[in-house]
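my_file_14.pdb follows (PDB, C-alpha atoms):
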```pdb
ATOM      1  CA  MET I1412      -3.532  -4.822  12.301
ATOM      2  CA  ALA I1413      -0.593  -5.286   9.921
ATOM      3  CA  SER I1414      -0.177  -8.770   8.548
ATOM      4  CA  GLU I1415       3.045 -10.758   8.860
ATOM      5  CA  HIS I1416       5.512 -10.019   6.091
ATOM      6  CA  LEU I1417       5.612 -13.058   3.799
ATOM      7  CA  PRO I1418       7.870 -12.595   0.761
ATOM      8  CA  VAL I1419       6.519 -14.463  -2.249
ATOM      9  CA  LEU I1420       8.190 -17.291  -4.167
ATOM     10  CA  THR I1421      11.183 -17.218  -1.811
ATOM     11  CA  ASP I1422      12.194 -20.845  -2.422
ATOM     12  CA  ARG I1423      12.176 -20.342  -6.195
ATOM     13  CA  VAL I1424      14.130 -17.078  -5.911
ATOM     14  CA  VAL I1425      16.812 -18.845  -3.872
ATOM     15  CA  GLU I1426      16.801 -21.853  -6.218
ATOM     16  CA  PHE I1427      17.255 -19.800  -9.393
ATOM     17  CA  LEU I1428      19.581 -17.017  -8.175
ATOM     18  CA  SER I1429      21.907 -18.996  -5.905
ATOM     19  CA  PRO I1430      23.761 -20.733  -8.799
ATOM     20  CA  ALA I1431      25.181 -17.326  -9.741
ATOM     21  CA  ALA I1432      26.894 -16.995  -6.320
ATOM     22  CA  PRO I1433      29.362 -16.190  -4.860
ATOM     23  CA  GLY I1434      29.617 -12.474  -5.477
ATOM     24  CA  LEU I1435      27.461  -9.396  -5.100
ATOM     25  CA  ILE I1436      23.677  -9.699  -4.963
ATOM     26  CA  VAL I1437      21.524  -6.625  -5.568
ATOM     27  CA  ASP I1438      17.994  -6.610  -4.207
ATOM     28  CA  ALA I1439      16.702  -3.640  -6.163
ATOM     29  CA  THR I1440      13.402  -3.443  -4.236
ATOM     30  CA  ILE I1441      14.410  -4.748  -0.842
ATOM     31  CA  GLY I1442      11.141  -3.940   0.942
ATOM     32  CA  LEU I1443      11.248  -5.562   4.372
ATOM     33  CA  GLY I1444      14.225  -7.765   3.482
ATOM     34  CA  GLY I1445      12.594 -11.199   3.269
ATOM     35  CA  HIS I1446      14.126 -12.300  -0.031
ATOM     36  CA  ALA I1447      17.451 -10.686   0.868
ATOM     37  CA  GLY I1448      17.670 -12.582   4.152
ATOM     38  CA  ALA I1449      16.910 -15.908   2.472
ATOM     39  CA  LEU I1450      19.581 -15.330  -0.193
ATOM     40  CA  LEU I1451      22.188 -14.312   2.380
ATOM     41  CA  TRP I1452      21.497 -17.366   4.579
ATOM     42  CA  GLU I1453      21.723 -19.711   1.613
ATOM     43  CA  ASN I1454      24.879 -18.121   0.186
ATOM     44  CA  PRO I1455      27.345 -17.244   2.974
ATOM     45  CA  ASP I1456      30.017 -16.077   0.511
ATOM     46  CA  THR I1457      27.839 -13.300  -0.905
ATOM     47  CA  ARG I1458      27.385  -9.631  -0.103
ATOM     48  CA  LEU I1459      24.160  -7.732  -0.723
ATOM     49  CA  VAL I1460      23.236  -4.188  -1.671
ATOM     50  CA  GLY I1461      19.574  -3.361  -1.138
ATOM     51  CA  LEU I1462      17.696  -0.452  -2.723
ATOM     52  CA  ASP I1463      14.324   0.999  -1.819
ATOM     53  CA  ARG I1464      12.787   4.443  -2.145
ATOM     54  CA  ASP I1465      10.711   3.921   1.019
ATOM     55  CA  PRO I1466      12.793   5.007   4.031
ATOM     56  CA  ARG I1467      10.487   3.181   6.437
ATOM     57  CA  ALA I1468      10.960  -0.073   4.543
ATOM     58  CA  LEU I1469      14.732   0.415   4.539
ATOM     59  CA  ALA I1470      14.737   0.906   8.311
ATOM     60  CA  ARG I1471      12.775  -2.313   8.820
ATOM     61  CA  ALA I1472      15.013  -4.191   6.379
ATOM     62  CA  GLY I1473      18.059  -2.925   8.254
ATOM     63  CA  GLU I1474      16.724  -4.350  11.504
ATOM     64  CA  ARG I1475      15.923  -7.678   9.886
ATOM     65  CA  LEU I1476      19.310  -8.004   8.186
ATOM     66  CA  ARG I1477      21.476  -6.710  11.054
ATOM     67  CA  VAL I1478      22.592 -10.259  11.809
ATOM     68  CA  PHE I1479      24.564 -10.251   8.509
ATOM     69  CA  GLY I1480      26.704  -7.307   9.589
ATOM     70  CA  ASP I1481      28.838  -5.655   6.936
ATOM     71  CA  ARG I1482      27.684  -8.117   4.279
ATOM     72  CA  VAL I1483      24.686  -5.788   3.776
ATOM     73  CA  ARG I1484      24.563  -2.222   2.499
ATOM     74  CA  LEU I1485      21.261  -0.359   2.113
ATOM     75  CA  VAL I1486      20.619   2.602  -0.181
ATOM     76  CA  GLU I1487      17.555   4.871  -0.311
ATOM     77  CA  GLU I1488      17.004   4.959  -4.050
ATOM     78  CA  ALA I1489      14.430   3.913  -6.655
ATOM     79  CA  PHE I1490      15.269   0.703  -8.480
ATOM     80  CA  ASP I1491      15.550   2.351 -11.893
ATOM     81  CA  GLN I1492      18.566   4.233 -10.525
ATOM     82  CA  LEU I1493      20.563   1.001 -10.157
ATOM     83  CA  PRO I1494      23.264   1.859 -12.760
ATOM     84  CA  GLU I1495      23.934   5.176 -10.997
ATOM     85  CA  VAL I1496      24.115   3.409  -7.623
ATOM     86  CA  ILE I1497      26.589   0.847  -8.986
ATOM     87  CA  GLU I1498      28.768   3.656 -10.335
ATOM     88  CA  ARG I1499      28.482   5.850  -7.249
ATOM     89  CA  LEU I1500      29.377   3.049  -4.842
ATOM     90  CA  ASP I1501      32.025   1.635  -7.207
ATOM     91  CA  LEU I1502      30.435  -1.805  -7.063
ATOM     92  CA  GLU I1503      31.616  -4.874  -8.920
ATOM     93  CA  PRO I1504      29.282  -6.298 -11.604
ATOM     94  CA  PRO I1505      26.550  -8.128  -9.673
ATOM     95  CA  ALA I1506      26.278 -11.914  -9.680
ATOM     96  CA  ALA I1507      22.514 -11.639  -9.226
ATOM     97  CA  ILE I1508      19.836  -8.953  -9.285
ATOM     98  CA  LEU I1509      16.315  -9.329  -7.884
ATOM     99  CA  ALA I1510      13.363  -6.976  -8.248
ATOM    100  CA  ASP I1511      10.034  -7.684  -6.530
ATOM    101  CA  LEU I1512       7.650  -5.261  -8.195
ATOM    102  CA  GLY I1513       4.782  -5.519  -5.727
ATOM    103  CA  CYS I1514       3.856  -3.265  -2.828
ATOM    104  CA  SER I1515       5.113  -4.444   0.530
ATOM    105  CA  SER I1516       2.800  -5.383   3.366
ATOM    106  CA  LEU I1517       4.239  -2.388   5.239
ATOM    107  CA  GLN I1518       2.729  -0.113   2.588
ATOM    108  CA  LEU I1519      -0.530  -1.982   1.989
ATOM    109  CA  ASP I1520      -1.438  -2.390   5.644
ATOM    110  CA  ASP I1521      -0.769   1.182   6.784
ATOM    111  CA  PRO I1522      -3.936   3.292   6.263
ATOM    112  CA  GLU I1523      -1.818   6.453   6.318
ATOM    113  CA  ARG I1524      -0.102   5.371   3.081
ATOM    114  CA  GLY I1525      -3.415   5.352   1.199
ATOM    115  CA  PHE I1526      -2.805   2.260  -0.941
ATOM    116  CA  SER I1527      -5.905   0.318   0.040
ATOM    117  CA  PHE I1528      -9.658   0.884   0.024
ATOM    118  CA  GLN I1529      -9.986  -1.632   2.874
ATOM    119  CA  SER I1530      -9.453   1.081   5.492
ATOM    120  CA  ASP I1531      -9.796   4.846   5.397
ATOM    121  CA  GLY I1532      -6.749   7.069   5.057
ATOM    122  CA  PRO I1533      -5.318   9.940   3.030
ATOM    123  CA  LEU I1534      -5.096   9.456  -0.742
ATOM    124  CA  ASP I1535      -1.298   9.337  -0.853
ATOM    125  CA  MET I1536      -0.125   6.087  -2.568
ATOM    126  CA  ARG I1537       3.515   7.196  -2.856
ATOM    127  CA  MET I1538       6.057   4.442  -2.312
ATOM    128  CA  GLY I1539       8.614   7.097  -1.423
ATOM    129  CA  VAL I1540       8.345  10.609  -0.045
ATOM    130  CA  GLN I1541       8.751  12.651  -3.235
ATOM    131  CA  GLY I1542       6.301  13.742  -5.910
ATOM    132  CA  PRO I1543       2.547  14.325  -6.161
ATOM    133  CA  THR I1544       0.071  12.166  -4.265
ATOM    134  CA  ALA I1545      -2.975  10.392  -5.659
ATOM    135  CA  ALA I1546      -5.109  13.238  -4.298
ATOM    136  CA  ASP I1547      -2.961  15.721  -6.214
ATOM    137  CA  LEU I1548      -3.501  13.808  -9.464
ATOM    138  CA  LEU I1549      -7.255  13.539  -8.967
ATOM    139  CA  GLU I1550      -7.464  17.272  -8.330
ATOM    140  CA  SER I1551      -5.322  18.415 -11.269
ATOM    141  CA  LEU I1552      -5.736  16.016 -14.212
ATOM    142  CA  GLU I1553      -8.150  16.662 -17.073
ATOM    143  CA  TRP I1554     -10.879  14.156 -17.976
ATOM    144  CA  ASN I1555      -8.966  12.625 -20.883
ATOM    145  CA  GLU I1556      -5.836  12.202 -18.743
ATOM    146  CA  LEU I1557      -7.821  10.458 -16.013
ATOM    147  CA  VAL I1558      -9.460   8.185 -18.581
ATOM    148  CA  LYS I1559      -6.065   7.192 -19.995
ATOM    149  CA  ILE I1560      -4.690   6.338 -16.531
ATOM    150  CA  LEU I1561      -7.747   4.303 -15.529
ATOM    151  CA  ARG I1562      -7.922   2.500 -18.862
ATOM    152  CA  ASP I1563      -4.207   1.892 -19.483
ATOM    153  CA  PHE I1564      -3.047   1.160 -15.936
ATOM    154  CA  GLY I1565      -6.204  -0.285 -14.398
ATOM    155  CA  GLU I1566      -7.785  -1.878 -17.478
ATOM    156  CA  GLU I1567     -11.013  -0.290 -16.237
ATOM    157  CA  ARG I1568     -13.748  -0.644 -18.852
ATOM    158  CA  ARG I1569     -15.825   2.212 -17.436
ATOM    159  CA  ALA I1570     -12.921   4.637 -17.172
ATOM    160  CA  GLY I1571     -14.863   7.464 -18.823
ATOM    161  CA  ALA I1572     -17.749   7.304 -16.365
ATOM    162  CA  ILE I1573     -15.443   7.177 -13.339
ATOM    163  CA  ALA I1574     -13.402  10.110 -14.659
ATOM    164  CA  ARG I1575     -16.586  12.140 -15.166
ATOM    165  CA  ALA I1576     -17.665  11.408 -11.591
ATOM    166  CA  ILE I1577     -14.262  12.530 -10.296
ATOM    167  CA  ILE I1578     -14.439  15.803 -12.269
ATOM    168  CA  LYS I1579     -17.995  16.466 -11.053
ATOM    169  CA  ARG I1580     -17.104  15.701  -7.437
ATOM    170  CA  ARG I1581     -14.121  18.042  -7.334
ATOM    171  CA  GLU I1582     -16.317  20.952  -8.428
ATOM    172  CA  ASP I1583     -17.735  20.789  -4.897
ATOM    173  CA  ALA I1584     -14.773  19.443  -2.896
ATOM    174  CA  PRO I1585     -11.560  17.566  -3.688
ATOM    175  CA  LEU I1586     -11.226  13.864  -3.015
ATOM    176  CA  ARG I1587      -8.888  13.466  -0.052
ATOM    177  CA  THR I1588      -9.403   9.996   1.433
ATOM    178  CA  THR I1589      -9.454   6.400   0.256
ATOM    179  CA  ALA I1590     -12.994   5.941   1.571
ATOM    180  CA  GLU I1591     -14.246   8.913  -0.444
ATOM    181  CA  LEU I1592     -12.732   7.548  -3.647
ATOM    182  CA  SER I1593     -13.974   4.035  -2.978
ATOM    183  CA  ARG I1594     -17.546   5.286  -2.422
ATOM    184  CA  LEU I1595     -17.403   7.371  -5.583
ATOM    185  CA  VAL I1596     -16.305   4.392  -7.711
ATOM    186  CA  GLN I1597     -18.949   2.162  -6.129
ATOM    187  CA  GLY I1598     -21.537   4.819  -6.936
ATOM    188  CA  VAL I1599     -20.548   4.549 -10.610
ATOM    189  CA  LEU I1600     -20.076   0.780 -10.870
ATOM    190  CA  GLY I1601     -22.608  -0.461  -8.341
ATOM    191  CA  ASP I1602     -22.330  -2.664  -5.278
ATOM    192  CA  HIS I1603     -19.629  -5.263  -4.753
ATOM    193  CA  ARG I1604     -21.024  -8.471  -6.266
ATOM    194  CA  GLY I1605     -18.105  -9.834  -8.302
ATOM    195  CA  ARG I1606     -14.789 -11.442  -7.422
ATOM    196  CA  ILE I1607     -13.030  -8.133  -6.902
ATOM    197  CA  HIS I1608     -14.071  -4.885  -5.249
ATOM    198  CA  PRO I1609     -15.338  -2.267  -7.749
ATOM    199  CA  ALA I1610     -12.550   0.153  -6.736
ATOM    200  CA  THR I1611      -9.708  -2.359  -7.247
ATOM    201  CA  ARG I1612      -8.807  -1.299 -10.786
ATOM    202  CA  THR I1613      -9.060   2.414 -10.012
ATOM    203  CA  PHE I1614      -6.748   2.115  -7.007
ATOM    204  CA  GLN I1615      -4.279   0.014  -9.016
ATOM    205  CA  ALA I1616      -4.258   2.558 -11.841
ATOM    206  CA  LEU I1617      -3.658   5.518  -9.548
ATOM    207  CA  ARG I1618      -0.893   3.724  -7.645
ATOM    208  CA  ILE I1619       0.891   2.896 -10.908
ATOM    209  CA  ALA I1620       0.542   6.500 -12.106
ATOM    210  CA  VAL I1621       1.669   8.075  -8.836
ATOM    211  CA  ASN I1622       4.815   5.933  -8.714
ATOM    212  CA  ASP I1623       5.484   5.742 -12.476
ATOM    213  CA  GLU I1624       5.759   1.996 -11.965
ATOM    214  CA  LEU I1625       5.689   0.873 -15.590
ATOM    215  CA  GLY I1626       8.109   3.572 -16.673
ATOM    216  CA  GLN I1627      10.487   2.502 -13.919
ATOM    217  CA  ILE I1628      10.394  -1.113 -15.071
ATOM    218  CA  GLU I1629      11.123  -0.096 -18.660
ATOM    219  CA  ARG I1630      14.057   2.075 -17.556
ATOM    220  CA  PHE I1631      15.390  -0.604 -15.215
ATOM    221  CA  LEU I1632      15.427  -3.880 -17.092
ATOM    222  CA  GLU I1633      17.979  -3.555 -19.891
ATOM    223  CA  PRO I1634      20.552  -1.544 -17.876
ATOM    224  CA  ALA I1635      20.212  -4.069 -15.036
ATOM    225  CA  VAL I1636      20.822  -6.989 -17.399
ATOM    226  CA  ARG I1637      23.855  -5.274 -18.882
ATOM    227  CA  ALA I1638      25.223  -4.526 -15.405
ATOM    228  CA  LEU I1639      25.395  -8.252 -14.558
ATOM    229  CA  ARG I1640      28.681 -10.088 -14.810
ATOM    230  CA  PRO I1641      28.764 -12.877 -17.431
ATOM    231  CA  GLY I1642      26.854 -15.831 -15.980
ATOM    232  CA  GLY I1643      25.000 -13.537 -13.593
ATOM    233  CA  ARG I1644      21.263 -13.927 -13.152
ATOM    234  CA  ILE I1645      18.303 -11.559 -12.880
ATOM    235  CA  GLY I1646      14.938 -12.435 -11.350
ATOM    236  CA  ILE I1647      11.833 -10.267 -11.645
ATOM    237  CA  ILE I1648       8.637 -10.865  -9.643
ATOM    238  CA  ALA I1649       5.558  -9.216 -11.192
ATOM    239  CA  PHE I1650       2.031  -9.084  -9.806
ATOM    240  CA  HIS I1651      -0.137  -8.084 -12.742
ATOM    241  CA  SER I1652      -0.174  -8.518 -16.478
ATOM    242  CA  LEU I1653       1.007  -4.977 -17.287
ATOM    243  CA  GLU I1654       4.249  -5.497 -15.374
ATOM    244  CA  ASP I1655       4.764  -9.055 -16.551
ATOM    245  CA  ARG I1656       4.215  -8.128 -20.197
ATOM    246  CA  ILE I1657       7.073  -5.607 -20.057
ATOM    247  CA  VAL I1658       9.384  -8.166 -18.422
ATOM    248  CA  LYS I1659       8.413 -10.895 -20.899
ATOM    249  CA  HIS I1660       8.943  -8.732 -23.985
ATOM    250  CA  THR I1661      12.207  -7.217 -22.729
ATOM    251  CA  PHE I1662      13.644 -10.625 -21.864
ATOM    252  CA  ARG I1663      12.549 -11.942 -25.253
ATOM    253  CA  ARG I1664      14.231  -9.057 -27.082
ATOM    254  CA  LEU I1665      17.433  -9.376 -25.026
ATOM    255  CA  ALA I1666      17.433 -13.097 -25.815
ATOM    256  CA  GLY I1667      17.664 -12.162 -29.496
ATOM    257  CA  ARG I1668      14.027 -12.556 -30.531
ATOM    258  CA  CYS I1669      12.057  -9.895 -32.386
ATOM    259  CA  THR I1670       9.168  -8.404 -30.397
ATOM    260  CA  CYS I1671       7.781  -6.136 -33.140
ATOM    261  CA  PRO I1672       4.074  -6.355 -34.015
ATOM    262  CA  PRO I1673       3.396  -8.769 -36.872
ATOM    263  CA  GLY I1674       3.286  -7.280 -40.344
ATOM    264  CA  LEU I1675       6.083  -4.719 -40.012
ATOM    265  CA  PRO I1676       8.292  -4.805 -43.135
ATOM    266  CA  VAL I1677      11.496  -4.238 -41.099
ATOM    267  CA  CYS I1678      12.329  -5.152 -37.489
ATOM    268  CA  GLY I1679      12.499  -2.041 -35.329
ATOM    269  CA  CYS I1680      13.124  -3.510 -31.885
ATOM    270  CA  ASN I1681      16.825  -4.250 -32.493
ATOM    271  CA  PRO I1682      17.063  -7.586 -30.640
ATOM    272  CA  ARG I1683      20.472  -8.543 -29.231
ATOM    273  CA  ARG I1684      21.254 -11.938 -27.697
ATOM    274  CA  VAL I1685      22.727 -10.994 -24.330
ATOM    275  CA  ILE I1686      20.717 -13.307 -22.051
ATOM    276  CA  THR I1687      19.344 -16.814 -21.890
ATOM    277  CA  VAL I1688      15.836 -16.970 -20.447
ATOM    278  CA  LEU I1689      15.712 -19.714 -17.802
ATOM    279  CA  THR I1690      11.943 -19.711 -17.286
ATOM    280  CA  SER I1691      10.036 -20.550 -20.467
ATOM    281  CA  SER I1692       6.863 -19.524 -18.641
ATOM    282  CA  PRO I1693       6.628 -17.586 -15.373
ATOM    283  CA  LEU I1694       6.973 -19.499 -12.119
ATOM    284  CA  ARG I1695       3.856 -19.279  -9.943
ATOM    285  CA  PRO I1696       3.281 -19.946  -6.231
ATOM    286  CA  ALA I1697       2.296 -23.457  -5.198
ATOM    287  CA  ASP I1698      -1.120 -24.018  -3.635
ATOM    288  CA  ASP I1699       0.328 -24.260  -0.121
ATOM    289  CA  GLU I1700       2.012 -20.851  -0.465
ATOM    290  CA  VAL I1701      -1.232 -19.268  -1.676
ATOM    291  CA  ALA I1702      -3.025 -20.829   1.292
ATOM    292  CA  ARG I1703      -0.482 -19.290   3.683
ATOM    293  CA  ASN I1704      -0.329 -15.963   1.871
ATOM    294  CA  PRO I1705      -3.303 -15.112  -0.376
ATOM    295  CA  ARG I1706      -1.472 -12.010  -1.634
ATOM    296  CA  SER I1707       0.970 -14.295  -3.444
ATOM    297  CA  ARG I1708      -1.770 -15.603  -5.751
ATOM    298  CA  SER I1709      -0.967 -13.289  -8.654
ATOM    299  CA  ALA I1710       2.839 -13.372  -8.325
ATOM    300  CA  ARG I1711       4.935 -14.623 -11.228
ATOM    301  CA  LEU I1712       8.726 -14.933 -11.420
ATOM    302  CA  ARG I1713      10.851 -14.759 -14.580
ATOM    303  CA  VAL I1714      14.611 -15.416 -14.517
ATOM    304  CA  ALA I1715      17.334 -14.884 -17.112
ATOM    305  CA  GLU I1716      21.091 -15.443 -17.204
ATOM    306  CA  ARG I1717      23.660 -13.071 -18.709
ATOM    307  CA  ARG I1718      25.508 -14.775 -21.540
ATOM    308  CA  GLU I1719      29.275 -15.001 -21.595
ATOM    309  CA  GLU I1720      30.879 -12.102 -23.438
ATOM    310  CA  SER I1721      31.481 -12.923 -27.092
TER     311      SER I1721
END
```

As structure tokens, the full file:
Amino acid sequence: MASEHLPVLTDRVVEFLSPAAPGLIVDATIGLGGHAGALLWENPDTRLVGLDRDPRALARAGERLRVFGDRVRLVEEAFDQLPEVIERLDLEPPAAILADLGCSSLQLDDPERGFSFQSDGPLDMRMGVQGPTAADLLESLEWNELVKILRDFGEERRAGAIARAIIKRREDAPLRTTAELSRLVQGVLGDHRGRIHPATRTFQALRIAVNDELGQIERFLEPAVRALRPGGRIGIIAFHSLEDRIVKHTFRRLAGRCTCPPGLPVCGCNPRRVITVLTSSPLRPADDEVARNPRSRSARLRVAERREES
């Protein structure tokens, strides 16, 4: 049974983005529309454009936000295409931009989407409808490519052993379901005795690879900041350290601080002070929110404001 959709950190999103209103709000990953609805209720003089590459999520968001009428416009597009969407729709510079980088409950709870090892389904993991599936990657990638994905995106310490097991398995038959992959990883790592399921990191790594999630964040952040009107605000919700690290370093560089590794003789990151970071450390869910929605536990929100043009 699908769980109720509970958008994370909604009160903090409204608190930090509302001061930029009135104007245009862009929810770059609208999902099921929870954050968008809260922002529209709180700010009656705003309009909202919502992006998502998942057509099923867009349909659900449209139903949820129908009460706001022509204040809402939805676009089937990946969030890293925001500058193109702004140009194509001839939009004004946004007053606020939000991106919630996590999977939606619609995706996680549907076995047919293949995101979770909790129930059996096809190894798909695509947030949209284009591109290769997780099964395609597992069938086609070489050992070293699999190791890199598992190690870099899943921080899996035994990436080499899991990759070898995948290569050996596909000599007999390809991996096609989430249960098959979960059993294979458990066979390598052993039974579930720790805090997290043995397959957690493998599933995270494949999902990130299938959807090019980190590449999308890197392509999105600076153009989104520069699209804001002066005084506009951007809020990014991340769910794991790989995402949050990109947001943290990009915000730091756009706030004018060098992010180069120590010891370099010359700065190569070219910092430019175009934003003021409003959250010195990421905002986390309160205990009562985590109790209501355990999936919010790892969420962290960072917010920045576009500086006035010099």

Convert the output of the PyMOL selection byres ((chain I and resi 1716) around 8) on the shown file into explicit residues, formatted as a ChimeraX atom specification. /I:1642-1645,1686-1689,1714-1715,1717-1718

Find the residues near I:Asp1699: any atom within 12 Å, counting only C-alpha atoms, skip ones fewer than 4 places away on the same chain, and give them as a VMD selection string. chain I and resid 1419 to 1420 1695 1703 to 1705 1707 to 1708

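Going from atom CA of I:Leu1595 to atom CA of I:Gly1542 covers 24.5 Å.
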
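In this model, the gap between atom CA of I:Leu1665 and atom CA of I:Val1685 comes to 5.6 Å.
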
Where does the PyMOL selection byres ((chain I and resi 1599) around 10) land in this file, that is, which residues does it pick, as a list of chain:residue names? I:Arg1569, I:Ala1572, I:Ile1573, I:Ala1574, I:Arg1575, I:Ala1576, I:Arg1594, I:Leu1595, I:Val1596, I:Gln1597, I:Gly1598, I:Leu1600, I:Gly1601, I:Asp1602, I:Pro1609, I:Ala1610

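Between I:Arg1477 and the residues I:Ala1616, I:Leu1639, I:Leu1493, I:Leu1451, the shortest atom-to-atom distance, using only C-alpha atoms, involves I:Leu1451.
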
What's the 9 Å shell around I:Gln1627, counting all atoms listed in the file, without same-chain residues fewer than 2 positions away, as a PyMOL selection string? chain I and resi 1489-1492+1622-1625+1629-1632

Please measure the separation of atom CA of I:Pro1696 and atom CA of I:Glu1654, giving the value in Å to one decimal. 17.1 Å

Using all atoms listed in the file, I'd like a table of the residues in stretch 1607-1720 of chain I that come within 7 Å of stretch 1543-1565 of chain I; for each, show the closest atom pair and its distance in Å rounded to one decimal, ordered by chain and ascending number, as a tab-separated table.
```
residue	atom	partner	partner_atom	distance
I:Arg1612	CA	I:Gly1565	CA	4.6
I:Thr1613	CA	I:Gly1565	CA	5.9
I:Gln1615	CA	I:Gly1565	CA	5.7
I:Ala1616	CA	I:Gly1565	CA	4.3
I:Leu1617	CA	I:Ala1545	CA	6.3
I:Ile1619	CA	I:Phe1564	CA	6.6
I:Ala1620	CA	I:Ile1560	CA	6.9
I:Val1621	CA	I:Ala1545	CA	6.1
```

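The point (20.1, -10.1, -8.4) has these residues within 8 Å of it when all atoms listed in the file are used: Leu1428, Ile1436, Val1437, Asp1438, Ala1439, Pro1505, Ala1506, Ala1507, Ile1508, Leu1509, Ala1510, Gly1643, Arg1644, Ile1645 and Gly1646 of chain I.
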
Would you write out those residues with C-alpha atoms, as a PDB file, keeping the file's coordinate frame?
```pdb
ATOM      1  CA  LEU I1428      19.581 -17.017  -8.175  1.00  0.00           C
ATOM      2  CA  ILE I1436      23.677  -9.699  -4.963  1.00  0.00           C
ATOM      3  CA  VAL I1437      21.524  -6.625  -5.568  1.00  0.00           C
ATOM      4  CA  ASP I1438      17.994  -6.610  -4.207  1.00  0.00           C
ATOM      5  CA  ALA I1439      16.702  -3.640  -6.163  1.00  0.00           C
ATOM      6  CA  PRO I1505      26.550  -8.128  -9.673  1.00  0.00           C
ATOM      7  CA  ALA I1506      26.278 -11.914  -9.680  1.00  0.00           C
ATOM      8  CA  ALA I1507      22.514 -11.639  -9.226  1.00  0.00           C
ATOM      9  CA  ILE I1508      19.836  -8.953  -9.285  1.00  0.00           C
ATOM     10  CA  LEU I1509      16.315  -9.329  -7.884  1.00  0.00           C
ATOM     11  CA  ALA I1510      13.363  -6.976  -8.248  1.00  0.00           C
ATOM     12  CA  GLY I1643      25.000 -13.537 -13.593  1.00  0.00           C
ATOM     13  CA  ARG I1644      21.263 -13.927 -13.152  1.00  0.00           C
ATOM     14  CA  ILE I1645      18.303 -11.559 -12.880  1.00  0.00           C
ATOM     15  CA  GLY I1646      14.938 -12.435 -11.350  1.00  0.00           C
TER      16      GLY I1646
END
```

Which polymer residues have any atom within 6 Å of an atom of I:Gly1667, counting only C-alpha atoms, with same-chain residues fewer than 4 positions away left out, as a ChimeraX atom specification? /I:1682-1684

Judged by all atoms listed in the file, the minimum distance to I:Gly1442 among I:Pro1430, I:Pro1466, I:Pro1455, I:Gly1525 is found for I:Pro1466

Check the smallest atom-to-atom distance from each of I:Leu1534, I:Leu1485, I:Asp1463, I:Arg1640 to I:Leu1435 using only C-alpha atoms, then report the winner. I:Arg1640

Would you give me, as a tab-separated table, each residue of stretch 1470-1493 of chain I having an atom within 10 Å of an atom of stretch 1443-1449 of chain I, along with its shortest atom pair and that distance in Å to one decimal, using all atoms listed in the file and sorting by chain and residue number?
```
residue	atom	partner	partner_atom	distance
I:Ala1470	CA	I:Leu1443	CA	8.3
I:Arg1471	CA	I:Leu1443	CA	5.7
I:Ala1472	CA	I:Leu1443	CA	4.5
I:Gly1473	CA	I:Gly1444	CA	7.8
I:Glu1474	CA	I:Gly1444	CA	9.1
I:Arg1475	CA	I:Gly1444	CA	6.6
I:Leu1476	CA	I:Gly1448	CA	6.3
I:Arg1477	CA	I:Gly1448	CA	9.8
I:Val1478	CA	I:Gly1448	CA	9.4
I:Phe1479	CA	I:Gly1448	CA	8.5
I:Val1483	CA	I:Ala1447	CA	9.2
```

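Look at I:Ser1516: the protein and nucleic acid residues within 12 Å of it, using only C-alpha atoms and passing over chain neighbours fewer than 3 places away, are Met1412, Ala1413, Ser1414, Glu1415, His1416, Leu1417, Pro1418, Val1419, Gly1442, Leu1443, Gly1444, Gly1445, Arg1467, Ala1468, Arg1471, Gly1513, Leu1519, Asp1520, Asp1521, Pro1522, Arg1524, Phe1526, Ser1527, Met1538, Asn1704, Arg1706 and Ser1707 of chain I.
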
Within 6 Å of stretch 1647-1653 of chain I using only C-alpha atoms, minus same-chain residues under 2 positions, as a VMD selection string: chain I and resid 1509 to 1512 1655 to 1656 1709 to 1713

With the file shown as input, list the residues that the PyMOL selection byres ((chain I and resi 1456) around 9) selects, as a PyMOL selection string. chain I and resi 1432-1434+1451+1454-1455+1457-1458

How would stretch 1558-1565 of chain I look with N, CA and C atoms restored, written as a PDB file, in the frame of the given file?
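Writing done, so here's result29.pdb:
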```
ATOM      1  N   VAL I1558      -8.994   9.349 -17.828  1.00  0.00           N
ATOM      2  CA  VAL I1558      -9.460   8.185 -18.581  1.00  0.00           C
ATOM      3  C   VAL I1558      -8.278   7.323 -19.019  1.00  0.00           C
ATOM      4  N   LYS I1559      -7.238   7.938 -19.518  1.00  0.00           N
ATOM      5  CA  LYS I1559      -6.065   7.192 -19.995  1.00  0.00           C
ATOM      6  C   LYS I1559      -5.421   6.406 -18.858  1.00  0.00           C
ATOM      7  N   ILE I1560      -5.280   7.023 -17.679  1.00  0.00           N
ATOM      8  CA  ILE I1560      -4.690   6.338 -16.531  1.00  0.00           C
ATOM      9  C   ILE I1560      -5.546   5.151 -16.116  1.00  0.00           C
ATOM     10  N   LEU I1561      -6.854   5.376 -15.984  1.00  0.00           N
ATOM     11  CA  LEU I1561      -7.747   4.303 -15.529  1.00  0.00           C
ATOM     12  C   LEU I1561      -7.816   3.168 -16.546  1.00  0.00           C
ATOM     13  N   ARG I1562      -7.802   3.515 -17.819  1.00  0.00           N
ATOM     14  CA  ARG I1562      -7.922   2.500 -18.862  1.00  0.00           C
ATOM     15  C   ARG I1562      -6.590   1.757 -19.079  1.00  0.00           C
ATOM     16  N   ASP I1563      -5.497   2.507 -19.161  1.00  0.00           N
ATOM     17  CA  ASP I1563      -4.207   1.892 -19.483  1.00  0.00           C
ATOM     18  C   ASP I1563      -3.602   1.157 -18.300  1.00  0.00           C
ATOM     19  N   PHE I1564      -3.716   1.731 -17.105  1.00  0.00           N
ATOM     20  CA  PHE I1564      -3.047   1.160 -15.936  1.00  0.00           C
ATOM     21  C   PHE I1564      -3.968   0.284 -15.083  1.00  0.00           C
ATOM     22  N   GLY I1565      -5.277   0.515 -15.186  1.00  0.00           N
ATOM     23  CA  GLY I1565      -6.204  -0.285 -14.398  1.00  0.00           C
ATOM     24  C   GLY I1565      -7.050  -1.224 -15.230  1.00  0.00           C
TER      25      GLY I1565
END
```
